[in-house]
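A quick write-up on the structure given underneath.
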Amino acid sequence: MSSMITVHTNSDGALIEVELSGEVTSADYAATLVPAIEAALADHDSVRLLAIATPEFKGYDLGAAWSDTKLGLSHWRGFDRIGVVADQGWVQTSIRLAAPILPCPVQVFGMDEVEEARRWIRESLGAIHVTDLGGPCVQIRLMGKLDSEEYKQAQSDLDALLHERDGFRLLIDLREFDGWQGLTAMAAHFRLAAGHIGMLDRAAIVGDKSWQKMAQRMASHVLGTRTQFFPAEEYDNAKAWLSAG
């Protein structure tokens, strides 16, 4: 009997697309999906999963449901983003109910949005720009909703910029920052400047959300240096405060 799960993995192995049809059994999981995810996680810190429930998809048997639960419990830290394409109302509802407790972004699409779902899985939802402002000042600008991959590139850019400096001052621009795509991205956020904290003289945080102002109070303890929060409209004042003295 053929499997009710068909797996397609992209060229670098970090993106897995799964088609579900008929009634999925625990044997389908064990023989097809679990090995594909474990193989991907052997080469990558995280993977992105796009699950397409075809019109023929009827659901899980009880054994498959238990296998699904075990798969999530054992590998949940490894998922960077999960997309689900389905027209069945019960599938969409169950995924939306589960989404808030999952540690990564989850998005539901209809079957007529399958190409949009593939773009969402592939593309970055955010960006980090590291900029030399002149003198001792460096800006980190966070935009959109960030995943851990953006932080890896930002870490490399920051390391290169600070390579021959004895100290620096940091402007953290949160005006277009919408948060993190899961726990791995949030952890990467707090690791970003960890290797350079001893060099940091002061930090200005610019944003327009109340939680960002609260984050400034936390940052003052984590960074061990003087920090100050500025509303979004006072961006220029933040730059002036950073460079003064």
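By order in the structure tokens, chains are A, B, ...; within a chain, residues start at 1; ligands start at 1, following the order shown.
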
Could you pull out all residues of segment 9-245 of chain A with a DSSP call of strand (DSSP E) and give them as an mmCIF file with N, CA, C and O atoms, in the first residue's frame?
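Output contents, as saved in part.cif:
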data_model
loop_
_atom_site.group_PDB
_atom_site.id
_atom_site.type_symbol
_atom_site.label_atom_id
_atom_site.label_comp_id
_atom_site.auth_asym_id
_atom_site.auth_seq_id
_atom_site.Cartn_x
_atom_site.Cartn_y
_atom_site.Cartn_z
ATOM 1 N N THR A 9 11.781 17.729 -0.730
ATOM 2 C CA THR A 9 12.757 18.536 0.003
ATOM 3 C C THR A 9 13.519 19.404 -0.985
ATOM 4 O O THR A 9 13.915 18.930 -2.050
ATOM 5 N N LEU A 15 14.022 23.114 3.622
ATOM 6 C CA LEU A 15 12.605 23.360 3.396
ATOM 7 C C LEU A 15 11.957 22.060 2.933
ATOM 8 O O LEU A 15 12.398 21.451 1.961
ATOM 9 N N ILE A 16 10.920 21.633 3.645
ATOM 10 C CA ILE A 16 10.237 20.375 3.344
ATOM 11 C C ILE A 16 8.781 20.676 2.987
ATOM 12 O O ILE A 16 8.088 21.374 3.725
ATOM 13 N N GLU A 17 8.357 20.161 1.835
ATOM 14 C CA GLU A 17 6.952 20.280 1.440
ATOM 15 C C GLU A 17 6.319 18.896 1.498
ATOM 16 O O GLU A 17 6.859 17.934 0.956
ATOM 17 N N VAL A 18 5.177 18.807 2.155
ATOM 18 C CA VAL A 18 4.516 17.522 2.401
ATOM 19 C C VAL A 18 3.100 17.568 1.832
ATOM 20 O O VAL A 18 2.362 18.532 2.070
ATOM 21 N N GLU A 19 2.727 16.551 1.074
ATOM 22 C CA GLU A 19 1.356 16.411 0.611
ATOM 23 C C GLU A 19 0.674 15.290 1.381
ATOM 24 O O GLU A 19 1.215 14.186 1.498
ATOM 25 N N LEU A 20 -0.501 15.584 1.915
ATOM 26 C CA LEU A 20 -1.273 14.608 2.684
ATOM 27 C C LEU A 20 -2.511 14.226 1.880
ATOM 28 O O LEU A 20 -3.231 15.093 1.376
ATOM 29 N N GLU A 23 -6.341 8.745 4.279
ATOM 30 C CA GLU A 23 -6.253 8.702 5.739
ATOM 31 C C GLU A 23 -4.821 8.355 6.128
ATOM 32 O O GLU A 23 -4.328 7.274 5.820
ATOM 33 N N VAL A 24 -4.155 9.283 6.784
ATOM 34 C CA VAL A 24 -2.751 9.119 7.143
ATOM 35 C C VAL A 24 -2.638 8.199 8.355
ATOM 36 O O VAL A 24 -3.355 8.359 9.346
ATOM 37 N N VAL A 47 14.272 23.811 10.285
ATOM 38 C CA VAL A 47 13.682 23.551 8.975
ATOM 39 C C VAL A 47 12.342 24.260 8.885
ATOM 40 O O VAL A 47 11.727 24.590 9.894
ATOM 41 N N ARG A 48 11.914 24.478 7.651
ATOM 42 C CA ARG A 48 10.595 25.043 7.395
ATOM 43 C C ARG A 48 9.733 23.959 6.749
ATOM 44 O O ARG A 48 10.199 23.241 5.861
ATOM 45 N N LEU A 49 8.499 23.875 7.202
ATOM 46 C CA LEU A 49 7.609 22.800 6.756
ATOM 47 C C LEU A 49 6.351 23.385 6.135
ATOM 48 O O LEU A 49 5.688 24.226 6.739
ATOM 49 N N LEU A 50 6.043 22.956 4.906
ATOM 50 C CA LEU A 50 4.794 23.323 4.255
ATOM 51 C C LEU A 50 3.986 22.048 4.059
ATOM 52 O O LEU A 50 4.403 21.136 3.348
ATOM 53 N N ALA A 51 2.839 21.967 4.720
ATOM 54 C CA ALA A 51 1.968 20.797 4.629
ATOM 55 C C ALA A 51 0.753 21.146 3.775
ATOM 56 O O ALA A 51 0.039 22.108 4.062
ATOM 57 N N ILE A 52 0.536 20.355 2.723
ATOM 58 C CA ILE A 52 -0.591 20.580 1.816
ATOM 59 C C ILE A 52 -1.582 19.437 1.981
ATOM 60 O O ILE A 52 -1.280 18.280 1.672
ATOM 61 N N ALA A 53 -2.752 19.749 2.497
ATOM 62 C CA ALA A 53 -3.814 18.758 2.654
ATOM 63 C C ALA A 53 -4.634 18.745 1.372
ATOM 64 O O ALA A 53 -5.422 19.661 1.113
ATOM 65 N N GLY A 59 -7.951 12.699 7.017
ATOM 66 C CA GLY A 59 -7.604 12.844 8.423
ATOM 67 C C GLY A 59 -6.619 11.786 8.860
ATOM 68 O O GLY A 59 -5.992 11.094 8.058
ATOM 69 N N TYR A 60 -6.460 11.639 10.177
ATOM 70 C CA TYR A 60 -5.521 10.714 10.787
ATOM 71 C C TYR A 60 -6.279 9.554 11.429
ATOM 72 O O TYR A 60 -7.386 9.734 11.910
ATOM 73 N N PHE A 79 11.620 23.494 14.241
ATOM 74 C CA PHE A 79 10.792 24.115 13.213
ATOM 75 C C PHE A 79 10.940 25.630 13.265
ATOM 76 O O PHE A 79 10.719 26.264 14.288
ATOM 77 N N ASP A 80 11.297 26.203 12.123
ATOM 78 C CA ASP A 80 11.472 27.653 12.020
ATOM 79 C C ASP A 80 10.180 28.331 11.572
ATOM 80 O O ASP A 80 9.890 29.460 11.948
ATOM 81 N N ARG A 81 9.407 27.616 10.738
ATOM 82 C CA ARG A 81 8.162 28.173 10.205
ATOM 83 C C ARG A 81 7.324 27.016 9.663
ATOM 84 O O ARG A 81 7.866 26.081 9.079
ATOM 85 N N ILE A 82 6.010 27.060 9.871
ATOM 86 C CA ILE A 82 5.126 26.009 9.376
ATOM 87 C C ILE A 82 3.969 26.648 8.617
ATOM 88 O O ILE A 82 3.288 27.531 9.140
ATOM 89 N N GLY A 83 3.770 26.208 7.388
ATOM 90 C CA GLY A 83 2.625 26.637 6.602
ATOM 91 C C GLY A 83 1.714 25.455 6.331
ATOM 92 O O GLY A 83 2.190 24.341 6.112
ATOM 93 N N VAL A 84 0.406 25.684 6.360
ATOM 94 C CA VAL A 84 -0.567 24.619 6.092
ATOM 95 C C VAL A 84 -1.527 25.111 5.008
ATOM 96 O O VAL A 84 -2.122 26.183 5.138
ATOM 97 N N VAL A 85 -1.638 24.320 3.947
ATOM 98 C CA VAL A 85 -2.552 24.642 2.844
ATOM 99 C C VAL A 85 -3.696 23.632 2.876
ATOM 100 O O VAL A 85 -3.470 22.419 2.802
ATOM 101 N N VAL A 106 3.069 30.141 12.356
ATOM 102 C CA VAL A 106 2.222 29.194 11.628
ATOM 103 C C VAL A 106 1.211 29.998 10.824
ATOM 104 O O VAL A 106 0.580 30.913 11.349
ATOM 105 N N GLN A 107 1.077 29.662 9.548
ATOM 106 C CA GLN A 107 0.143 30.385 8.682
ATOM 107 C C GLN A 107 -0.721 29.376 7.926
ATOM 108 O O GLN A 107 -0.225 28.349 7.463
ATOM 109 N N VAL A 108 -2.019 29.677 7.814
ATOM 110 C CA VAL A 108 -2.955 28.803 7.108
ATOM 111 C C VAL A 108 -3.346 29.459 5.787
ATOM 112 O O VAL A 108 -3.639 30.658 5.733
ATOM 113 N N PHE A 109 -3.369 28.652 4.709
ATOM 114 C CA PHE A 109 -3.723 29.130 3.379
ATOM 115 C C PHE A 109 -4.768 28.201 2.765
ATOM 116 O O PHE A 109 -4.815 27.008 3.078
ATOM 117 N N GLY A 126 11.456 39.501 7.586
ATOM 118 C CA GLY A 126 12.058 40.646 8.246
ATOM 119 C C GLY A 126 13.499 40.830 7.809
ATOM 120 O O GLY A 126 14.026 40.060 7.020
ATOM 121 N N ALA A 127 14.116 41.871 8.330
ATOM 122 C CA ALA A 127 15.505 42.161 7.978
ATOM 123 C C ALA A 127 16.168 42.924 9.116
ATOM 124 O O ALA A 127 15.510 43.610 9.899
ATOM 125 N N ILE A 128 17.486 42.780 9.207
ATOM 126 C CA ILE A 128 18.289 43.531 10.168
ATOM 127 C C ILE A 128 19.402 44.235 9.404
ATOM 128 O O ILE A 128 20.123 43.606 8.626
ATOM 129 N N HIS A 129 19.518 45.543 9.619
ATOM 130 C CA HIS A 129 20.575 46.310 8.968
ATOM 131 C C HIS A 129 21.532 46.845 10.033
ATOM 132 O O HIS A 129 21.101 47.515 10.981
ATOM 133 N N VAL A 130 22.805 46.552 9.866
ATOM 134 C CA VAL A 130 23.854 47.055 10.758
ATOM 135 C C VAL A 130 24.592 48.168 10.016
ATOM 136 O O VAL A 130 25.132 47.941 8.931
ATOM 137 N N THR A 131 24.632 49.376 10.609
ATOM 138 C CA THR A 131 25.175 50.548 9.917
ATOM 139 C C THR A 131 26.167 51.284 10.801
ATOM 140 O O THR A 131 25.918 51.494 11.998
ATOM 141 N N ASP A 132 27.284 51.699 10.214
ATOM 142 C CA ASP A 132 28.265 52.540 10.898
ATOM 143 C C ASP A 132 27.782 53.985 10.818
ATOM 144 O O ASP A 132 27.656 54.558 9.731
ATOM 145 N N LEU A 133 27.495 54.608 11.970
ATOM 146 C CA LEU A 133 27.001 55.977 12.000
ATOM 147 C C LEU A 133 28.125 57.002 12.109
ATOM 148 O O LEU A 133 27.874 58.200 12.166
ATOM 149 N N GLY A 134 29.345 56.532 12.159
ATOM 150 C CA GLY A 134 30.480 57.434 12.302
ATOM 151 C C GLY A 134 30.912 57.569 13.747
ATOM 152 O O GLY A 134 30.088 57.439 14.669
ATOM 153 N N CYS A 137 29.666 55.310 17.022
ATOM 154 C CA CYS A 137 28.252 54.930 16.996
ATOM 155 C C CYS A 137 27.917 53.923 15.890
ATOM 156 O O CYS A 137 28.327 54.074 14.738
ATOM 157 N N VAL A 138 27.149 52.927 16.281
ATOM 158 C CA VAL A 138 26.698 51.872 15.369
ATOM 159 C C VAL A 138 25.186 51.719 15.523
ATOM 160 O O VAL A 138 24.664 51.776 16.640
ATOM 161 N N GLN A 139 24.494 51.541 14.407
ATOM 162 C CA GLN A 139 23.038 51.348 14.446
ATOM 163 C C GLN A 139 22.684 49.929 14.036
ATOM 164 O O GLN A 139 23.210 49.391 13.069
ATOM 165 N N ILE A 140 21.768 49.319 14.807
ATOM 166 C CA ILE A 140 21.141 48.059 14.411
ATOM 167 C C ILE A 140 19.660 48.353 14.208
ATOM 168 O O ILE A 140 18.954 48.717 15.144
ATOM 169 N N ARG A 141 19.208 48.202 12.969
ATOM 170 C CA ARG A 141 17.820 48.495 12.619
ATOM 171 C C ARG A 141 17.088 47.185 12.380
ATOM 172 O O ARG A 141 17.451 46.401 11.494
ATOM 173 N N LEU A 142 16.065 46.932 13.177
ATOM 174 C CA LEU A 142 15.287 45.703 13.068
ATOM 175 C C LEU A 142 13.968 46.006 12.375
ATOM 176 O O LEU A 142 13.250 46.926 12.776
ATOM 177 N N MET A 143 13.639 45.210 11.338
ATOM 178 C CA MET A 143 12.456 45.484 10.530
ATOM 179 C C MET A 143 11.625 44.221 10.344
ATOM 180 O O MET A 143 12.174 43.140 10.103
ATOM 181 N N GLY A 144 10.318 44.353 10.473
ATOM 182 C CA GLY A 144 9.428 43.226 10.239
ATOM 183 C C GLY A 144 9.467 42.218 11.359
ATOM 184 O O GLY A 144 9.790 42.526 12.507
ATOM 185 N N LYS A 145 9.144 40.985 11.009
ATOM 186 C CA LYS A 145 9.117 39.890 11.976
ATOM 187 C C LYS A 145 10.310 38.988 11.686
ATOM 188 O O LYS A 145 10.396 38.384 10.615
ATOM 189 N N LEU A 146 11.211 38.891 12.641
ATOM 190 C CA LEU A 146 12.521 38.315 12.378
ATOM 191 C C LEU A 146 12.611 36.841 12.737
ATOM 192 O O LEU A 146 12.042 36.384 13.720
ATOM 193 N N PHE A 168 32.232 51.009 21.602
ATOM 194 C CA PHE A 168 31.231 51.529 20.671
ATOM 195 C C PHE A 168 29.979 51.932 21.436
ATOM 196 O O PHE A 168 29.790 51.576 22.598
ATOM 197 N N ARG A 169 29.133 52.700 20.756
ATOM 198 C CA ARG A 169 27.829 53.093 21.253
ATOM 199 C C ARG A 169 26.781 52.582 20.274
ATOM 200 O O ARG A 169 26.997 52.625 19.061
ATOM 201 N N LEU A 170 25.655 52.126 20.806
ATOM 202 C CA LEU A 170 24.711 51.379 19.982
ATOM 203 C C LEU A 170 23.354 52.067 19.918
ATOM 204 O O LEU A 170 22.760 52.397 20.942
ATOM 205 N N LEU A 171 22.856 52.259 18.693
ATOM 206 C CA LEU A 171 21.494 52.737 18.461
ATOM 207 C C LEU A 171 20.663 51.555 17.973
ATOM 208 O O LEU A 171 20.946 50.977 16.920
ATOM 209 N N ILE A 172 19.657 51.176 18.749
ATOM 210 C CA ILE A 172 18.784 50.061 18.386
ATOM 211 C C ILE A 172 17.468 50.652 17.881
ATOM 212 O O ILE A 172 16.697 51.216 18.648
ATOM 213 N N ASP A 173 17.247 50.541 16.581
ATOM 214 C CA ASP A 173 16.089 51.155 15.931
ATOM 215 C C ASP A 173 14.981 50.116 15.786
ATOM 216 O O ASP A 173 15.069 49.187 14.985
ATOM 217 N N LEU A 174 13.904 50.277 16.569
ATOM 218 C CA LEU A 174 12.789 49.329 16.579
ATOM 219 C C LEU A 174 11.525 49.909 15.951
ATOM 220 O O LEU A 174 10.443 49.362 16.122
ATOM 221 N N ARG A 175 11.658 50.985 15.208
ATOM 222 C CA ARG A 175 10.463 51.665 14.701
ATOM 223 C C ARG A 175 9.642 50.793 13.757
ATOM 224 O O ARG A 175 8.423 50.956 13.664
ATOM 225 N N GLU A 176 10.286 49.867 13.056
ATOM 226 C CA GLU A 176 9.577 48.989 12.121
ATOM 227 C C GLU A 176 9.666 47.526 12.542
ATOM 228 O O GLU A 176 9.445 46.626 11.741
ATOM 229 N N PHE A 177 9.971 47.295 13.810
ATOM 230 C CA PHE A 177 10.139 45.943 14.324
ATOM 231 C C PHE A 177 8.805 45.393 14.812
ATOM 232 O O PHE A 177 8.116 46.025 15.592
ATOM 233 N N ASP A 178 8.452 44.187 14.330
ATOM 234 C CA ASP A 178 7.157 43.582 14.680
ATOM 235 C C ASP A 178 7.284 42.369 15.599
ATOM 236 O O ASP A 178 6.279 41.740 15.935
ATOM 237 N N GLY A 179 8.503 42.009 15.984
ATOM 238 C CA GLY A 179 8.667 40.893 16.903
ATOM 239 C C GLY A 179 9.440 39.742 16.277
ATOM 240 O O GLY A 179 10.105 39.888 15.255
ATOM 241 N N TRP A 180 9.337 38.592 16.920
ATOM 242 C CA TRP A 180 10.139 37.435 16.534
ATOM 243 C C TRP A 180 9.280 36.318 15.984
ATOM 244 O O TRP A 180 8.156 36.109 16.421
ATOM 245 N N LEU A 200 30.678 47.989 25.072
ATOM 246 C CA LEU A 200 29.563 48.908 24.867
ATOM 247 C C LEU A 200 29.554 50.014 25.923
ATOM 248 O O LEU A 200 29.535 49.756 27.122
ATOM 249 N N ASP A 201 29.512 51.264 25.436
ATOM 250 C CA ASP A 201 29.559 52.423 26.335
ATOM 251 C C ASP A 201 28.149 52.896 26.711
ATOM 252 O O ASP A 201 27.863 53.189 27.866
ATOM 253 N N ARG A 202 27.275 52.987 25.743
ATOM 254 C CA ARG A 202 25.893 53.375 26.004
ATOM 255 C C ARG A 202 25.018 52.894 24.851
ATOM 256 O O ARG A 202 25.518 52.605 23.768
ATOM 257 N N ALA A 203 23.692 52.842 25.101
ATOM 258 C CA ALA A 203 22.769 52.357 24.076
ATOM 259 C C ALA A 203 21.500 53.192 24.084
ATOM 260 O O ALA A 203 20.953 53.491 25.146
ATOM 261 N N ALA A 204 21.046 53.567 22.912
ATOM 262 C CA ALA A 204 19.772 54.261 22.743
ATOM 263 C C ALA A 204 18.819 53.325 22.013
ATOM 264 O O ALA A 204 19.196 52.680 21.035
ATOM 265 N N ILE A 205 17.580 53.247 22.506
ATOM 266 C CA ILE A 205 16.558 52.417 21.886
ATOM 267 C C ILE A 205 15.434 53.323 21.399
ATOM 268 O O ILE A 205 14.885 54.107 22.166
ATOM 269 N N VAL A 206 15.116 53.210 20.096
ATOM 270 C CA VAL A 206 14.073 54.036 19.500
ATOM 271 C C VAL A 206 12.916 53.141 19.074
ATOM 272 O O VAL A 206 13.117 52.160 18.355
ATOM 273 N N GLY A 207 11.703 53.453 19.521
ATOM 274 C CA GLY A 207 10.549 52.633 19.159
ATOM 275 C C GLY A 207 9.260 53.371 19.436
ATOM 276 O O GLY A 207 9.266 54.515 19.893
ATOM 277 N N ARG A 226 24.629 52.290 30.345
ATOM 278 C CA ARG A 226 23.571 53.287 30.345
ATOM 279 C C ARG A 226 22.720 53.156 29.089
ATOM 280 O O ARG A 226 23.227 53.139 27.978
ATOM 281 N N THR A 227 21.410 53.076 29.270
ATOM 282 C CA THR A 227 20.496 53.008 28.135
ATOM 283 C C THR A 227 19.402 54.048 28.302
ATOM 284 O O THR A 227 19.074 54.457 29.414
ATOM 285 N N GLN A 228 18.851 54.464 27.182
ATOM 286 C CA GLN A 228 17.751 55.416 27.220
ATOM 287 C C GLN A 228 16.791 55.118 26.074
ATOM 288 O O GLN A 228 17.225 54.780 24.962
ATOM 289 N N PHE A 229 15.489 55.218 26.364
ATOM 290 C CA PHE A 229 14.459 54.982 25.351
ATOM 291 C C PHE A 229 13.994 56.303 24.768
ATOM 292 O O PHE A 229 13.808 57.290 25.488
ATOM 293 N N PHE A 230 13.789 56.320 23.445
ATOM 294 C CA PHE A 230 13.282 57.492 22.748
ATOM 295 C C PHE A 230 12.076 57.093 21.904
ATOM 296 O O PHE A 230 12.119 56.065 21.214
ATOM 297 N N PRO A 231 10.987 57.871 21.939
ATOM 298 C CA PRO A 231 9.856 57.603 21.037
ATOM 299 C C PRO A 231 10.301 57.725 19.580
ATOM 300 O O PRO A 231 11.304 58.379 19.276
#

_Within 12 Å of Lys152 of chain A using only C-alpha atoms, minus same-chain residues under 3 positions, as a list in words_ = Asp45, Ala127, Ile128, His129, Leu146, Asp147, Ser148, Glu149, Gln155, Ser156, Asp157, Leu158, Asp159, Thr184, Ala185, Ala187, Ala188, His189, Arg191, Leu192 and Ala193 of chain A

May I have the residues from that selection written out with C-alpha atoms, as a short mmCIF file (atom, residue, chain, number, x, y, z; two decimals), in the first residue's frame?
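Wrote it out as again04.cif, contents follow:
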data_model
loop_
_atom_site.label_atom_id
_atom_site.label_comp_id
_atom_site.auth_asym_id
_atom_site.auth_seq_id
_atom_site.Cartn_x
_atom_site.Cartn_y
_atom_site.Cartn_z
CA ASP A 45 19.58 24.00 12.98
CA ALA A 127 15.50 42.16 7.98
CA ILE A 128 18.29 43.53 10.17
CA HIS A 129 20.58 46.31 8.97
CA LEU A 146 12.52 38.31 12.38
CA ASP A 147 13.70 34.73 12.26
CA SER A 148 17.03 33.31 13.39
CA GLU A 149 18.60 33.45 9.90
CA GLN A 155 26.00 38.90 13.91
CA SER A 156 28.55 38.55 11.11
CA ASP A 157 28.06 42.19 10.03
CA LEU A 158 28.40 43.47 13.60
CA ASP A 159 31.51 41.40 14.28
CA THR A 184 14.80 30.51 18.41
CA ALA A 185 14.70 34.01 16.89
CA ALA A 187 17.06 33.74 21.74
CA ALA A 188 19.22 34.87 18.81
CA HIS A 189 18.14 38.47 19.53
CA ARG A 191 22.81 36.72 21.78
CA LEU A 192 23.43 39.26 19.03
CA ALA A 193 25.65 41.71 20.93
#

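Computed from the coordinates, the atom CA of Asp61 of chain A to atom CA of Ser26 of chain A distance equals 7.6 Å.
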
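Interatomic distance, atom CA of Leu97 of chain A to atom CA of Ala36 of chain A: 25.9 Å.
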